[in-house]
Amino acid sequence: MPRHITAAPTPAHVADPRGPWLRMSAAFTEAVADLADREDLTVTCAPGMGRGAPGCFVPALATIELDGVHLGHDPDTCDPSRLSDRERYPALWGVL
């Protein structure tokens, strides 16, 4: 019988995104609906998310987690909803 891989839970020290990370998460959630052609996905972006990887998809939760350390900029200065701003942080878009 094949073994299934179970994603480790998000570390307890990682809190839900706050402040600019909450805004980033909402903008990525809006963008991923068009990219994935799905309306049920939620993106969470903050330093330490991703369950030990730069990013991960948790199908059972319809959630994508992105480790905010790959943003490379102050999240207060970023707006993923602006197409021209996306070029500033290609690594995080690649993870998404």
# chains A, B, ... in the order shown; residues from 1 in each chain; ligands from 1
>>> select_by_dssp(residues="chain A", states="strand (DSSP E)", output="PyMOL selection string")
chain A and resi 42-46+55-58+63-67
>>> residues_around(residues="A:Cys45", least_positions_apart="3", cutoff="10 Å", atoms="only C-alpha atoms", output="ChimeraX atom specification")
/A:16-18,20-29,42,48-50,55,64-71,92,96
>>> closest_residue(among="A:Ser81, A:Pro59, A:Ala53, A:Pro47", to="A:Asp34", atoms="only C-alpha atoms")
A:Ser81
>>> atom_distance(atom1="atom CA of A:Thr77", atom2="atom CA of A:Ala33")
22.8 Å
>>> select_by_dssp(residues="stretch 15-63 of chain A", states="helix (DSSP H, G or I)", output="number ranges by chain")
A: 20-36, 59-61
>>> atom_distance(atom1="atom CA of A:Cys78", atom2="atom CA of A:Thr44")
15.2 Å
>>> closest_residue(among="A:Leu41, A:Cys56, A:Ala31, A:Ala46", to="A:Val95", atoms="only C-alpha atoms")
A:Cys56
>>> decode(residues="stretch 28-88 of chain A", atoms="C-alpha atoms", output="PDB file, in the first residue's frame")
ATOM      1  CA  PHE A  28      -2.249  37.182  -3.535  1.00  0.00           C
ATOM      2  CA  THR A  29      -5.553  35.429  -2.804  1.00  0.00           C
ATOM      3  CA  GLU A  30      -7.283  37.658  -5.334  1.00  0.00           C
ATOM      4  CA  ALA A  31      -4.551  37.107  -7.934  1.00  0.00           C
ATOM      5  CA  VAL A  32      -4.421  33.328  -7.532  1.00  0.00           C
ATOM      6  CA  ALA A  33      -8.133  33.021  -8.346  1.00  0.00           C
ATOM      7  CA  ASP A  34      -7.336  34.132 -11.900  1.00  0.00           C
ATOM      8  CA  LEU A  35      -4.093  32.165 -12.136  1.00  0.00           C
ATOM      9  CA  ALA A  36      -5.568  28.884 -10.924  1.00  0.00           C
ATOM     10  CA  ASP A  37      -9.088  29.423 -12.269  1.00  0.00           C
ATOM     11  CA  ARG A  38     -10.398  28.605  -8.794  1.00  0.00           C
ATOM     12  CA  GLU A  39     -12.370  30.793  -6.418  1.00  0.00           C
ATOM     13  CA  ASP A  40     -11.887  28.628  -3.319  1.00  0.00           C
ATOM     14  CA  LEU A  41      -8.148  29.160  -2.728  1.00  0.00           C
ATOM     15  CA  THR A  42      -6.732  31.258   0.078  1.00  0.00           C
ATOM     16  CA  VAL A  43      -3.145  32.508   0.091  1.00  0.00           C
ATOM     17  CA  THR A  44      -1.338  33.196   3.350  1.00  0.00           C
ATOM     18  CA  CYS A  45       1.907  35.141   3.036  1.00  0.00           C
ATOM     19  CA  ALA A  46       4.185  36.016   5.945  1.00  0.00           C
ATOM     20  CA  PRO A  47       7.706  35.202   7.106  1.00  0.00           C
ATOM     21  CA  GLY A  48       7.810  31.607   8.336  1.00  0.00           C
ATOM     22  CA  MET A  49       4.814  30.348   6.373  1.00  0.00           C
ATOM     23  CA  GLY A  50       5.268  27.508   3.889  1.00  0.00           C
ATOM     24  CA  ARG A  51       5.711  24.683   6.399  1.00  0.00           C
ATOM     25  CA  GLY A  52       9.475  24.679   6.017  1.00  0.00           C
ATOM     26  CA  ALA A  53       9.469  25.301   2.246  1.00  0.00           C
ATOM     27  CA  PRO A  54       9.400  28.569   0.283  1.00  0.00           C
ATOM     28  CA  GLY A  55       5.748  27.810  -0.358  1.00  0.00           C
ATOM     29  CA  CYS A  56       3.273  24.975  -0.290  1.00  0.00           C
ATOM     30  CA  PHE A  57      -0.242  24.030  -1.307  1.00  0.00           C
ATOM     31  CA  VAL A  58      -2.430  22.270   1.256  1.00  0.00           C
ATOM     32  CA  PRO A  59      -5.219  20.708  -0.835  1.00  0.00           C
ATOM     33  CA  ALA A  60      -7.359  19.679   2.147  1.00  0.00           C
ATOM     34  CA  LEU A  61      -7.480  23.328   3.253  1.00  0.00           C
ATOM     35  CA  ALA A  62      -7.497  24.880  -0.256  1.00  0.00           C
ATOM     36  CA  THR A  63      -4.655  27.035   1.069  1.00  0.00           C
ATOM     37  CA  ILE A  64      -1.380  28.201  -0.397  1.00  0.00           C
ATOM     38  CA  GLU A  65       1.264  29.315   2.095  1.00  0.00           C
ATOM     39  CA  LEU A  66       4.103  31.583   0.985  1.00  0.00           C
ATOM     40  CA  ASP A  67       7.163  32.281   3.110  1.00  0.00           C
ATOM     41  CA  GLY A  68       7.393  36.065   3.131  1.00  0.00           C
ATOM     42  CA  VAL A  69      11.181  36.042   3.465  1.00  0.00           C
ATOM     43  CA  HIS A  70      11.270  35.529  -0.314  1.00  0.00           C
ATOM     44  CA  LEU A  71       9.566  38.886  -0.895  1.00  0.00           C
ATOM     45  CA  GLY A  72      12.876  40.753  -0.645  1.00  0.00           C
ATOM     46  CA  HIS A  73      11.144  44.074   0.065  1.00  0.00           C
ATOM     47  CA  ASP A  74       9.302  45.817   2.839  1.00  0.00           C
ATOM     48  CA  PRO A  75       5.715  44.535   2.483  1.00  0.00           C
ATOM     49  CA  ASP A  76       4.442  48.072   3.165  1.00  0.00           C
ATOM     50  CA  THR A  77       5.877  49.074  -0.225  1.00  0.00           C
ATOM     51  CA  CYS A  78       4.404  46.156  -2.219  1.00  0.00           C
ATOM     52  CA  ASP A  79       1.075  45.839  -3.990  1.00  0.00           C
ATOM     53  CA  PRO A  80       0.601  42.493  -5.783  1.00  0.00           C
ATOM     54  CA  SER A  81      -2.648  43.756  -7.281  1.00  0.00           C
ATOM     55  CA  ARG A  82      -0.635  46.166  -9.460  1.00  0.00           C
ATOM     56  CA  LEU A  83       0.797  44.340 -12.466  1.00  0.00           C
ATOM     57  CA  SER A  84       3.772  46.707 -12.682  1.00  0.00           C
ATOM     58  CA  ASP A  85       4.696  46.038  -9.045  1.00  0.00           C
ATOM     59  CA  ARG A  86       4.933  42.273  -9.522  1.00  0.00           C
ATOM     60  CA  GLU A  87       8.276  42.575 -11.333  1.00  0.00           C
ATOM     61  CA  ARG A  88       9.884  43.742  -8.077  1.00  0.00           C
TER      62      ARG A  88
END
